[in-house]
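So this block is entry-v2.cif, mmCIF, C-alpha atoms and all ligand atoms:
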data_input
#
loop_
_atom_site.label_atom_id
_atom_site.label_comp_id
_atom_site.auth_asym_id
_atom_site.auth_seq_id
_atom_site.Cartn_x
_atom_site.Cartn_y
_atom_site.Cartn_z
CA ALA A 1 -123.07 140.62 65.54
CA ARG A 2 -119.40 140.13 64.99
CA TYR A 3 -119.26 137.65 67.85
CA ALA A 4 -122.30 135.92 66.46
CA GLY A 5 -120.48 135.55 63.14
CA VAL A 6 -117.39 134.12 64.79
CA ALA A 7 -119.51 131.76 66.87
CA ALA A 8 -121.31 130.57 63.76
CA LEU A 9 -117.99 129.96 62.07
CA VAL A 10 -116.74 128.03 65.07
CA VAL A 11 -119.90 125.95 65.15
CA MET A 12 -119.64 125.28 61.43
CA ALA A 13 -116.01 124.29 61.75
CA ALA A 14 -116.88 122.00 64.61
CA LEU A 15 -119.66 120.49 62.55
CA VAL A 16 -117.31 119.91 59.62
CA VAL A 17 -114.81 118.23 61.93
CA ILE A 18 -117.52 116.02 63.39
CA MET A 19 -118.90 115.13 59.96
CA PHE A 20 -115.47 114.36 58.62
CA GLY A 21 -114.75 112.16 61.58
CA ALA A 22 -118.04 110.41 61.04
CA ALA A 23 -117.32 109.98 57.36
CA ASN A 24 -113.91 108.62 58.21
CA ALA A 25 -115.36 106.23 60.75
CA SER A 26 -117.97 104.98 58.30
CA LEU A 27 -115.32 104.58 55.61
CA ALA A 28 -113.23 102.40 57.91
CA GLU A 29 -116.40 100.57 58.83
CA ALA A 30 -117.24 99.96 55.18
CA HIS A 31 -113.68 98.82 54.50
CA ARG A 32 -113.85 96.33 57.34
CA ALA A 33 -117.24 95.05 56.18
CA LEU A 34 -115.90 94.62 52.66
CA LYS A 35 -112.94 92.64 53.92
CA VAL A 36 -115.18 90.37 55.95
CA GLU A 37 -117.41 89.90 52.94
CA MET A 38 -114.48 89.06 50.69
CA ALA A 39 -113.15 86.50 53.13
CA GLU A 40 -116.65 85.08 53.41
CA ARG A 41 -116.93 84.87 49.66
CA GLU A 42 -113.56 83.18 49.25
CA ARG A 43 -114.58 80.62 51.84
CA ALA A 44 -117.89 80.02 50.09
CA GLU A 45 -116.16 79.63 46.72
CA ALA A 46 -113.61 77.21 48.12
CA ALA A 47 -116.41 75.23 49.75
CA LEU A 48 -118.37 75.17 46.50
CA LEU A 49 -115.35 73.99 44.54
CA GLN A 50 -114.66 71.31 47.09
CA SER A 51 -118.27 70.15 47.07
CA GLN A 52 -118.30 70.08 43.27
CA LYS A 53 -115.17 68.00 43.34
CA MET A 54 -116.67 65.71 45.96
CA GLU A 55 -119.81 65.31 43.92
CA ALA A 56 -117.80 64.54 40.83
CA MET A 57 -115.75 62.02 42.78
CA GLY A 58 -118.96 60.51 44.09
CA GLN A 59 -120.31 60.06 40.59
CA LEU A 60 -117.01 58.63 39.55
CA THR A 61 -116.79 56.08 42.33
CA GLY A 62 -119.79 54.22 40.99
CA GLY A 63 -118.29 53.93 37.52
CA VAL A 64 -114.83 53.00 38.71
CA ALA A 65 -116.10 50.46 41.24
CA HIS A 66 -118.07 48.87 38.44
CA ASP A 67 -115.01 48.79 36.15
CA PHE A 68 -112.84 47.35 38.88
CA ASN A 69 -115.40 44.71 39.74
CA ASN A 70 -115.41 43.57 36.16
CA LEU A 71 -111.72 43.36 35.79
CA LEU A 72 -111.26 41.66 39.15
CA MET A 73 -113.87 39.20 37.99
CA VAL A 74 -111.90 38.52 34.83
CA ALA A 75 -108.64 38.15 36.71
CA SER A 76 -109.91 35.94 39.51
CA SER A 77 -112.06 33.61 37.44
CA GLY A 78 -109.26 33.54 34.88
CA MET A 79 -106.94 32.26 37.59
CA ASP A 80 -109.48 29.61 38.62
CA LEU A 81 -109.80 28.39 35.06
CA LEU A 82 -106.07 28.48 34.56
CA GLU A 83 -105.70 26.01 37.41
CA ARG A 84 -108.21 23.64 35.83
CA THR A 85 -107.05 23.57 32.26
CA GLU A 86 -104.10 21.86 30.63
CA ASP A 87 -104.76 22.96 27.05
CA PRO A 88 -101.86 25.31 26.20
CA VAL A 89 -103.92 27.37 23.74
CA ARG A 90 -106.63 28.03 26.30
CA ARG A 91 -104.04 28.77 28.96
CA GLU A 92 -102.45 31.40 26.72
CA ARG A 93 -105.84 32.96 26.09
CA LEU A 94 -106.69 33.03 29.77
CA LYS A 95 -103.34 34.58 30.63
CA ASP A 96 -103.93 37.25 27.98
CA GLY A 97 -107.30 38.06 29.51
CA ILE A 98 -105.80 38.35 32.98
CA ARG A 99 -102.96 40.53 31.76
CA GLN A 100 -105.46 42.81 29.99
CA ALA A 101 -107.58 43.13 33.10
CA ILE A 102 -104.52 44.07 35.12
CA GLU A 103 -103.45 46.64 32.54
CA ARG A 104 -106.92 48.17 32.61
CA GLY A 105 -106.75 48.35 36.39
CA ALA A 106 -103.33 49.97 36.24
CA SER A 107 -104.48 52.54 33.73
CA LEU A 108 -107.57 53.32 35.80
CA THR A 109 -105.49 53.95 38.91
CA GLN A 110 -103.06 56.04 36.85
CA GLN A 111 -105.96 58.20 35.77
CA LEU A 112 -107.35 58.51 39.27
CA LEU A 113 -103.94 59.41 40.66
CA ALA A 114 -103.38 61.93 37.89
CA PHE A 115 -106.79 63.39 38.62
CA SER A 116 -106.13 63.87 42.31
CA ARG A 117 -102.62 65.11 41.36
CA ARG A 118 -100.82 62.59 43.46
CA SER A 119 -99.00 60.98 40.61
CA PRO A 120 -95.52 62.41 40.25
CA LEU A 121 -94.36 63.50 36.83
CA GLN A 122 -90.91 62.10 36.13
CA PRO A 123 -89.79 63.80 32.94
CA GLU A 124 -87.03 62.19 30.90
CA VAL A 125 -85.57 63.02 27.53
CA ILE A 126 -87.09 60.37 25.31
CA ASP A 127 -86.72 58.97 21.83
CA LEU A 128 -90.31 59.31 20.61
CA PRO A 129 -90.27 56.73 17.76
CA ALA A 130 -88.76 54.11 20.07
CA GLN A 131 -91.29 54.97 22.76
CA ILE A 132 -94.23 54.66 20.35
CA GLU A 133 -92.85 51.44 18.93
CA GLY A 134 -92.55 50.09 22.46
CA MET A 135 -96.26 50.79 22.91
CA GLY A 136 -97.16 48.69 19.88
CA VAL A 137 -98.20 45.62 21.80
CA LEU A 138 -100.22 47.55 24.34
CA LEU A 139 -102.00 49.51 21.61
CA ASP A 140 -102.62 46.42 19.50
CA ARG A 141 -104.14 44.65 22.42
CA SER A 142 -106.47 47.54 23.24
CA LEU A 143 -107.75 47.92 19.69
CA ARG A 144 -110.09 45.51 17.90
CA GLU A 145 -109.33 43.40 14.87
CA ASP A 146 -111.47 45.58 12.62
CA ILE A 147 -109.23 48.57 13.35
CA SER A 148 -105.92 49.02 11.61
CA ALA A 149 -103.16 51.20 12.98
CA GLU A 150 -100.39 52.97 11.12
CA VAL A 151 -97.44 54.89 12.52
CA ARG A 152 -95.62 57.60 10.53
CA MET A 153 -92.70 59.23 12.24
CA ALA A 154 -90.94 62.07 10.41
CA PRO A 155 -87.15 61.63 10.32
CA GLY A 156 -84.97 63.74 12.60
CA LEU A 157 -87.55 64.36 15.32
CA TRP A 158 -86.35 66.69 18.06
CA PRO A 159 -85.92 65.22 21.50
CA ILE A 160 -88.70 65.95 23.99
CA GLU A 161 -88.72 65.76 27.77
CA VAL A 162 -91.78 64.05 29.21
CA ASP A 163 -92.79 61.42 31.74
CA PRO A 164 -92.78 58.29 29.56
CA ALA A 165 -95.38 56.47 31.70
CA GLN A 166 -97.78 59.42 31.48
CA LEU A 167 -97.20 59.67 27.75
CA GLU A 168 -98.16 56.01 27.46
CA VAL A 169 -101.32 56.58 29.46
CA ALA A 170 -102.18 59.60 27.29
CA MET A 171 -101.65 57.67 24.04
CA LEU A 172 -103.69 54.79 25.39
CA ASN A 173 -106.53 57.12 26.40
CA ILE A 174 -106.59 58.67 22.94
CA ALA A 175 -106.41 55.29 21.19
CA LEU A 176 -109.23 53.88 23.32
CA ASN A 177 -111.40 56.87 22.47
CA ALA A 178 -110.64 56.34 18.79
CA ARG A 179 -111.61 52.69 19.13
CA ASP A 180 -114.90 53.63 20.80
CA ALA A 181 -115.56 56.16 18.03
CA MET A 182 -115.23 53.43 15.38
CA PRO A 183 -117.84 50.81 16.34
CA ASN A 184 -117.79 49.44 12.78
CA GLY A 185 -114.06 49.45 12.39
CA GLY A 186 -111.73 51.95 10.81
CA LYS A 187 -108.21 53.25 10.88
CA ILE A 188 -105.91 55.01 13.32
CA VAL A 189 -102.91 56.94 12.07
CA ILE A 190 -100.26 58.14 14.49
CA THR A 191 -97.90 60.79 13.14
CA ALA A 192 -95.11 62.84 14.64
CA GLU A 193 -93.27 65.79 13.13
CA ASN A 194 -91.30 68.86 14.09
CA VAL A 195 -93.14 72.19 14.06
CA SER A 196 -90.86 75.18 14.29
CA ASP A 197 -92.10 78.54 15.53
CA TYR A 198 -95.52 77.34 16.50
CA ARG A 199 -97.54 79.88 18.44
CA ASP A 200 -100.96 80.16 20.02
CA ALA A 201 -102.44 82.43 22.67
CA ARG A 202 -100.21 81.02 25.39
CA LEU A 203 -97.22 79.32 23.76
CA ALA A 204 -94.53 80.03 21.23
CA GLY A 205 -91.48 78.11 20.09
CA ASP A 206 -90.37 74.81 18.63
CA PHE A 207 -92.60 71.81 19.25
CA VAL A 208 -92.92 68.19 18.31
CA ARG A 209 -96.48 67.51 17.20
CA LEU A 210 -97.78 64.04 17.96
CA SER A 211 -101.15 63.47 16.27
CA ILE A 212 -103.60 60.62 16.47
CA HIS A 213 -106.16 60.55 13.71
CA ASP A 214 -109.18 58.26 13.54
CA THR A 215 -111.90 57.67 10.94
CA GLY A 216 -114.63 57.53 13.57
CA VAL A 217 -117.95 59.23 14.23
CA GLY A 218 -116.43 62.62 15.07
CA VAL A 219 -117.41 65.10 17.78
CA PRO A 220 -120.50 67.30 17.46
CA LYS A 221 -119.67 71.04 17.61
CA GLU A 222 -121.55 71.59 20.85
CA ASN A 223 -119.35 69.02 22.64
CA LEU A 224 -115.97 70.20 21.34
CA ALA A 225 -115.35 72.75 24.07
CA ARG A 226 -116.16 70.28 26.82
CA LEU A 227 -114.05 67.26 25.83
CA PHE A 228 -111.19 68.04 28.20
CA GLU A 229 -113.46 68.64 31.16
CA PRO A 230 -112.98 66.01 33.83
CA PHE A 231 -115.99 63.66 33.92
CA PHE A 232 -117.36 64.82 30.59
CA THR A 233 -118.43 61.65 28.84
CA THR A 234 -121.02 60.64 26.28
CA LYS A 235 -120.58 56.97 27.15
CA GLY A 236 -122.84 54.93 29.39
CA VAL A 237 -122.29 54.03 33.04
CA GLY A 238 -119.35 51.68 33.39
CA GLN A 239 -118.23 52.55 29.85
CA GLY A 240 -116.69 55.95 30.31
CA THR A 241 -115.26 57.89 33.22
CA GLY A 242 -114.71 61.13 31.33
CA LEU A 243 -111.18 61.24 32.72
CA GLY A 244 -109.24 60.14 29.64
CA LEU A 245 -108.89 63.43 27.85
CA SER A 246 -108.55 65.37 31.07
CA GLN A 247 -105.43 63.26 31.76
CA VAL A 248 -104.21 64.00 28.23
CA TYR A 249 -104.73 67.70 28.82
CA GLY A 250 -103.16 67.72 32.28
CA PHE A 251 -100.16 65.77 31.07
CA THR A 252 -99.39 67.98 28.05
CA ARG A 253 -99.90 71.20 30.01
CA ALA A 254 -97.62 69.92 32.77
CA SER A 255 -95.04 69.07 30.10
CA GLY A 256 -95.09 72.66 28.85
CA GLY A 257 -97.21 71.93 25.79
CA THR A 258 -100.77 72.03 24.59
CA VAL A 259 -103.44 69.88 22.89
CA SER A 260 -105.71 70.61 19.98
CA ILE A 261 -108.69 68.78 18.49
CA GLU A 262 -110.00 68.83 14.97
CA SER A 263 -113.13 66.90 14.26
CA GLU A 264 -115.80 66.55 11.64
CA VAL A 265 -118.96 64.60 12.39
CA GLY A 266 -119.02 61.47 10.26
CA GLN A 267 -115.43 62.01 9.07
CA GLY A 268 -113.18 61.50 12.04
CA THR A 269 -111.10 63.17 14.69
CA THR A 270 -107.50 64.26 15.08
CA ILE A 271 -106.02 64.96 18.47
CA SER A 272 -102.63 66.68 18.41
CA LEU A 273 -100.23 67.00 21.31
CA TYR A 274 -97.68 69.81 21.02
CA ILE A 275 -94.69 69.03 23.20
CA PRO A 276 -91.85 71.52 23.50
CA ARG A 277 -88.53 70.70 21.86
CA SER A 278 -85.90 69.83 24.43
CA ARG A 279 -82.35 71.10 24.07
CA LYS A 280 -81.05 68.06 25.88
CA ILE A 281 -79.86 65.04 23.96
CA ALA A 282 -81.77 61.78 24.20
CA PRO A 283 -79.65 59.08 25.82
CA ALA A 284 -78.78 56.10 23.64
CA ALA A 285 -81.68 53.66 23.89
CA PRO A 286 -80.90 50.88 26.37
CA PRO A 287 -80.99 47.39 24.89
CA PRO A 288 -84.56 46.11 25.15
CA SER A 289 -84.89 43.89 28.18
CA LYS A 290 -87.24 41.22 26.88
CA ALA A 291 -86.82 38.76 29.70
CA PRO A 292 -85.63 40.11 33.03
CA VAL A 293 -81.94 39.50 33.37
CA ALA A 294 -80.93 37.61 36.48
CA ALA A 295 -78.39 39.45 38.60
CA SER A 296 -74.95 37.95 38.52
CA GLY A 297 -74.15 36.12 41.72
CA ARG A 298 -76.78 35.97 44.41
CA ARG A 299 -77.17 39.39 45.99
CA LYS A 300 -79.13 40.00 49.14
CA VAL A 301 -81.78 42.70 49.50
CA LEU A 302 -83.36 44.00 52.69
CA LEU A 303 -86.97 44.63 51.66
CA VAL A 304 -88.82 47.15 53.83
CA GLU A 305 -92.56 47.14 53.14
CA ASP A 306 -95.54 47.36 55.50
CA ASP A 307 -98.14 45.82 53.19
CA ASN A 308 -98.07 42.01 53.37
CA SER A 309 -99.32 41.23 49.90
CA VAL A 310 -97.05 43.79 48.26
CA ALA A 311 -94.10 42.41 50.26
CA THR A 312 -94.87 38.86 49.13
CA LEU A 313 -95.13 39.92 45.51
CA VAL A 314 -91.93 41.99 45.57
CA GLY A 315 -90.18 39.10 47.33
CA GLU A 316 -91.21 36.89 44.42
CA MET A 317 -89.99 39.44 41.87
CA LEU A 318 -86.63 39.70 43.66
CA HIS A 319 -86.36 35.93 43.69
CA GLU A 320 -87.15 35.82 39.97
CA LEU A 321 -84.38 38.37 39.37
CA GLY A 322 -81.90 36.25 41.27
CA TYR A 323 -81.79 38.23 44.51
CA GLY A 324 -82.21 36.80 47.97
CA SER A 325 -84.33 38.92 50.30
CA THR A 326 -85.25 39.45 53.92
CA ARG A 327 -88.37 41.40 54.70
CA ALA A 328 -88.88 44.01 57.44
CA ASP A 329 -92.31 45.59 57.97
CA CYS A 330 -91.14 48.97 59.27
CA ALA A 331 -88.03 51.13 59.51
CA GLN A 332 -87.25 50.04 63.07
CA ALA A 333 -87.46 46.38 62.09
CA ALA A 334 -85.16 47.11 59.14
CA LEU A 335 -82.47 48.59 61.40
CA GLU A 336 -82.74 45.57 63.69
CA ALA A 337 -82.39 43.20 60.72
CA LEU A 338 -79.27 45.08 59.59
CA ASP A 339 -77.71 44.64 63.05
CA ARG A 340 -78.82 41.03 63.36
CA GLU A 341 -78.19 39.58 59.91
CA GLY A 342 -75.73 41.65 57.94
CA GLY A 343 -74.47 40.67 54.51
CA PHE A 344 -76.99 42.89 52.70
CA ASP A 345 -76.02 44.42 49.35
CA LEU A 346 -78.92 46.82 49.13
CA VAL A 347 -81.95 48.15 51.02
CA PHE A 348 -85.18 48.50 49.05
CA SER A 349 -87.70 50.44 51.09
CA ASP A 350 -91.21 51.80 50.85
CA MET A 351 -91.42 55.49 51.83
CA VAL A 352 -94.74 55.89 53.57
CA MET A 353 -94.92 53.39 56.43
CA PRO A 354 -96.40 53.25 59.90
CA GLY A 355 -93.95 53.70 62.75
CA GLU A 356 -91.65 56.49 63.81
CA MET A 357 -89.46 56.64 60.74
CA ASN A 358 -90.42 57.01 57.10
CA GLY A 359 -88.29 55.79 54.19
CA ILE A 360 -86.24 58.99 53.90
CA GLU A 361 -85.39 58.97 57.60
CA LEU A 362 -84.48 55.30 57.34
CA ALA A 363 -82.20 56.05 54.38
CA ARG A 364 -80.48 58.81 56.39
CA GLU A 365 -80.03 56.55 59.41
CA ILE A 366 -78.54 53.82 57.21
CA GLY A 367 -76.24 56.45 55.69
CA ARG A 368 -74.95 57.19 59.22
CA ARG A 369 -74.67 53.59 60.39
CA ARG A 370 -73.61 51.90 57.15
CA PRO A 371 -72.18 54.40 54.73
CA GLY A 372 -71.79 52.66 51.38
CA LEU A 373 -74.84 50.43 51.73
CA PRO A 374 -77.06 51.55 48.82
CA VAL A 375 -80.73 52.39 49.41
CA LEU A 376 -83.48 52.41 46.79
CA LEU A 377 -86.81 53.99 47.82
CA THR A 378 -90.22 53.47 46.29
CA THR A 379 -93.53 55.31 46.50
CA GLY A 380 -96.65 56.20 44.55
CA PHE A 381 -97.17 59.54 46.30
CA SER A 382 -95.91 62.67 44.56
CA GLU A 383 -95.21 64.59 47.77
CA ALA A 384 -93.01 61.80 49.07
CA ALA A 385 -91.36 61.36 45.68
CA ALA A 386 -90.52 65.04 45.48
CA ALA A 387 -89.02 64.94 48.97
CA ALA A 388 -86.85 61.94 48.10
CA THR A 389 -85.51 63.39 44.85
CA ALA A 390 -84.86 66.71 46.61
CA ASP A 391 -82.76 64.73 49.07
CA GLY A 392 -80.79 63.15 46.23
CA LEU A 393 -82.09 59.67 47.02
CA ARG A 394 -82.73 56.99 44.43
CA LEU A 395 -86.39 56.41 43.76
CA LEU A 396 -88.56 53.93 41.89
CA VAL A 397 -92.12 55.16 41.31
CA LYS A 398 -94.99 52.74 41.99
CA PRO A 399 -96.49 50.90 40.27
CA TYR A 400 -93.53 49.35 38.49
CA ARG A 401 -92.97 46.28 36.34
CA ILE A 402 -90.31 43.67 36.94
CA ASP A 403 -87.93 44.97 34.26
CA ARG A 404 -87.99 48.48 35.78
CA LEU A 405 -87.23 46.97 39.16
CA ALA A 406 -84.34 44.98 37.67
CA ALA A 407 -82.90 48.08 35.99
CA GLU A 408 -83.19 50.24 39.13
CA LEU A 409 -81.63 47.62 41.37
CA GLU A 410 -78.71 47.26 38.96
CA ALA A 411 -78.31 51.03 38.70
CA THR A 412 -78.44 51.47 42.47
CA LEU A 413 -75.80 48.79 42.98
CA ALA A 414 -73.65 50.27 40.22
CA ALA A 415 -73.84 53.79 41.71
CA ARG A 416 -72.39 52.60 45.01
P1 LIG A 501 -114.50 58.77 28.23
O1 LIG A 501 -113.76 58.09 27.12
O2 LIG A 501 -114.39 58.03 29.51
O3 LIG A 501 -115.90 59.12 27.87
P2 LIG A 501 -112.69 60.96 27.66
O4 LIG A 501 -112.27 62.13 28.47
O5 LIG A 501 -111.64 60.05 27.18
O6 LIG A 501 -113.76 60.16 28.52
O7 LIG A 501 -113.52 61.47 26.42
C1 LIG A 501 -114.62 62.35 26.63
C2 LIG A 501 -115.62 62.30 25.50
O8 LIG A 501 -115.04 62.87 24.33
C3 LIG A 501 -116.04 60.91 25.07
O9 LIG A 501 -117.10 60.43 25.87
C4 LIG A 501 -116.47 61.15 23.62
O10 LIG A 501 -117.77 61.64 23.57
C5 LIG A 501 -115.56 62.27 23.17
N1 LIG A 501 -114.43 61.79 22.35
C6 LIG A 501 -113.16 61.64 22.77
N2 LIG A 501 -112.37 61.19 21.78
C7 LIG A 501 -113.16 61.05 20.69
C8 LIG A 501 -112.92 60.61 19.33
N3 LIG A 501 -111.72 60.22 18.92
N4 LIG A 501 -113.99 60.60 18.49
C9 LIG A 501 -115.21 60.98 18.92
N5 LIG A 501 -115.49 61.39 20.18
C10 LIG A 501 -114.48 61.43 21.06
MG MG A 502 -111.70 57.88 27.04
#
Take the structure in the file and write it out as structure tokens.
Ligand code: ADP
Ligand code: MG
Amino acid sequence: ARYAGVAALVVMAALVVIMFGAANASLAEAHRALKVEMAERERAEAALLQSQKMEAMGQLTGGVAHDFNNLLMVASSGMDLLERTEDPVRRERLKDGIRQAIERGASLTQQLLAFSRRSPLQPEVIDLPAQIEGMGVLLDRSLREDISAEVRMAPGLWPIEVDPAQLEVAMLNIALNARDAMPNGGKIVITAENVSDYRDARLAGDFVRLSIHDTGVGVPKENLARLFEPFFTTKGVGQGTGLGLSQVYGFTRASGGTVSIESEVGQGTTISLYIPRSRKIAPAAPPPSKAPVAASGRRKVLLVEDDNSVATLVGEMLHELGYGSTRADCAQAALEALDREGGFDLVFSDMVMPGEMNGIELAREIGRRRPGLPVLLTTGFSEAAAAATADGLRLLVKPYRIDRLAAELEATLAAR
């Protein structure tokens, strides 16, 4: 009986060992299954997000294509009419229309780029009142005659550090919404003031609050939470893209701030941007460059650009600014032109080009072959822009206007 007891114990022990092993094995099995399931789920979620984004983009394309068609229409028929008319008043009006169409196109692309996060933020310490004043014309032109605008800037505003172009786009988006909210006319008031020790759930500190108030229709409660959602719009096809406020939100968040909305149906709406106070000092405002200043003497630029129409246009701008230029359509061609022609004062090159070398590599090669020959790069892609600035290269972000080009060329020559 004693042996029987021992045997039973041994059997039980063996059973326990076997069961434990089995439990262990099934635990590992379950763990593995869970991991597979998690990976599967992550993949599915990523795919869903991507497909939602694609669908949104698809919906958007229709609206944007429509908008672009209209403004291209305005610009191209405007040009036709411009060629046929001598009347100076009509010519001015036509030119205004064309300029407006182009501005609308530029702001649409800005929004699209910001949406797909390819537009680089280039923060600068800015003088807010001067910046807002500089927007006067643009704002005036986008509002109607039955809407009045007032600007109230508190004295002694703290400096802020933001991308001035993005700030302009944001202000324009807000102003256009205010206009649309006031079909029978009304008033827009833009105010700016310092707010010390502001805090919300995420932020705390000193901020400059930039508010835009309108006396429009207001936002119904049920829509308030959705206003910043990309593609949320209450406007008809071809009227709204639903991207305006999502740009405003993206821009202020990326600048370290936040946005708030107050609205009362039938009373009006106030949108406030809180932008963090910068400890840096705003540089003295450069003298306003009304007309582009021609460069002294005739300097020669090697223009490297693969796109024919862009190259023609930039060639014209350079000519207008008093520079001579030779064009190369890729980095290799640029190096050949440098060997062949010589006498260049500056190389102005696109960054993303077909061929073996991109703009950065070209700049490096020029640095080796011709140290002292200044290079200015240009791109609209944020990845490329980040790479160039990381390399300490001079960069002009596309799209740019002629006075920005003039200033950058001068600065690049001066830095030599
Ligand atoms: P969109 O203007 O293309 O519709 P936005 O993102 O700029 O896209 O705005 C989203 C929506 O928010 C608008 O369609 C409108 O319904 C509402 N909205 C924005 N600003 C105002 C405002 N100032 N007053 C009333 N409604 C507004
Ligand atoms: Mg809008």
- Message: I'd like the contact shell of range 245-260 of chain A - 6 Å cut-off, all atoms listed in the file, skipping same-chain residues fewer than 4 positions apart - returned as a list in words.
- Response: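 The contact residues come out as Ala170, Phe228, Glu229, Pro230, Ile271, Ser272, Leu273, Tyr274, Ile275 and Pro276 of chain A.
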- Message: If we count only C-alpha atoms and set the cut-off at 9 Å, which residues sit around Phe348 in chain A, ignoring sequence neighbours fewer than 4 positions away in its own chain? Please answer as a PyMOL selection string.
- Response: chain A and resi 301-305+374-378+409
- Please check which protein, DNA or RNA residues sit within 10 Å of ligand MG 502 (chain A), counting all atoms listed in the file, and write them as a VMD selection string. chain A and resid 170 172 to 181 227 231 to 235 239 to 248
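Each of A:Asp391, A:Glu42, A:Glu150, A:Glu383 was checked against Ile360 in chain A using only C-alpha atoms; the smallest atom-to-atom distance is that of A:Asp391.
Nearest residue to Asn194 in chain A, choosing from A:Arg327, A:Arg144, A:Arg43, A:Arg277 and counting all atoms listed in the file: A:Arg277.
Taking CA of Val151 in chain A and CA of Val189 in chain A as endpoints, the distance between them is 5.9 Å.
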- Taking (-106.3, 41.7, 32.7) in the file's coordinates as the center, which residues reach within 10 Å of it, counting all atoms listed in the file, put as a ChimeraX atom specification? /A:70-76,78,94-106
- Identify which of the residues A:Ser211, A:Ser278, A:Thr412, A:Ser382 lies closest to Trp158 in chain A, counting all atoms listed in the file when measuring atom-to-atom distances.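 Smallest distance to Trp158 in chain A is found for A:Ser278.
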- Task: Considering all atoms listed in the file, state which residue in the set A:Leu167, A:Met182, A:Leu112, A:Ala154 is at the smallest distance from ligand LIG 501 (chain A).
- Result: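 Of A:Leu167, A:Met182, A:Leu112, A:Ala154, the one nearest ligand LIG 501 (chain A) is A:Met182, counting all atoms listed in the file.
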- Item | Contacts of Tyr400 in chain A within 12 Å, all atoms listed in the file, excl. fewer than 6 positions in-chain, as a VMD selection string | chain A and resid 103 106 110 165 310 313 to 314 317 378 to 380 406 to 408
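The spacing separating CA of Ile402 in chain A from CA of Phe381 in chain A amounts to 19.7 Å.
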As an mmCIF file, in the frame of the given file, could you write out range 142-146 of chain A once it has been completed with all heavy atoms?
data_model
loop_
_atom_site.group_PDB
_atom_site.id
_atom_site.type_symbol
_atom_site.label_atom_id
_atom_site.label_comp_id
_atom_site.auth_asym_id
_atom_site.auth_seq_id
_atom_site.Cartn_x
_atom_site.Cartn_y
_atom_site.Cartn_z
ATOM 1 N N SER A 142 -105.281 46.772 22.832
ATOM 2 C CA SER A 142 -106.470 47.540 23.240
ATOM 3 C C SER A 142 -107.391 47.836 22.056
ATOM 4 O O SER A 142 -108.526 48.217 22.261
ATOM 5 C CB SER A 142 -106.077 48.825 23.955
ATOM 6 O OG SER A 142 -104.743 49.138 23.783
ATOM 7 N N LEU A 143 -106.880 47.669 20.836
ATOM 8 C CA LEU A 143 -107.750 47.920 19.690
ATOM 9 C C LEU A 143 -108.430 46.615 19.259
ATOM 10 O O LEU A 143 -108.040 45.554 19.700
ATOM 11 C CB LEU A 143 -106.923 48.494 18.534
ATOM 12 C CG LEU A 143 -106.223 49.804 18.871
ATOM 13 C CD1 LEU A 143 -105.312 50.229 17.738
ATOM 14 C CD2 LEU A 143 -107.231 50.904 19.172
ATOM 15 N N ARG A 144 -109.438 46.723 18.396
ATOM 16 C CA ARG A 144 -110.090 45.510 17.900
ATOM 17 C C ARG A 144 -109.497 45.098 16.568
ATOM 18 O O ARG A 144 -108.744 45.847 15.957
ATOM 19 C CB ARG A 144 -111.585 45.759 17.739
ATOM 20 C CG ARG A 144 -112.372 45.862 19.018
ATOM 21 C CD ARG A 144 -113.859 45.988 18.679
ATOM 22 N NE ARG A 144 -114.075 46.880 17.569
ATOM 23 C CZ ARG A 144 -114.395 48.167 17.695
ATOM 24 N NH1 ARG A 144 -114.565 48.691 18.875
ATOM 25 N NH2 ARG A 144 -114.571 48.915 16.636
ATOM 26 N N GLU A 145 -109.909 43.908 16.116
ATOM 27 C CA GLU A 145 -109.330 43.400 14.870
ATOM 28 C C GLU A 145 -109.799 44.195 13.656
ATOM 29 O O GLU A 145 -109.138 44.203 12.620
ATOM 30 C CB GLU A 145 -109.686 41.925 14.674
ATOM 31 C CG GLU A 145 -108.748 41.014 15.422
ATOM 32 C CD GLU A 145 -109.483 39.859 16.056
ATOM 33 O OE1 GLU A 145 -110.582 39.526 15.595
ATOM 34 O OE2 GLU A 145 -108.958 39.297 17.030
ATOM 35 N N ASP A 146 -110.971 44.830 13.774
ATOM 36 C CA ASP A 146 -111.470 45.580 12.620
ATOM 37 C C ASP A 146 -110.889 46.998 12.563
ATOM 38 O O ASP A 146 -111.351 47.844 11.806
ATOM 39 C CB ASP A 146 -113.015 45.628 12.631
ATOM 40 C CG ASP A 146 -113.565 46.245 13.909
ATOM 41 O OD1 ASP A 146 -112.747 46.568 14.799
ATOM 42 O OD2 ASP A 146 -114.776 46.397 14.027
#
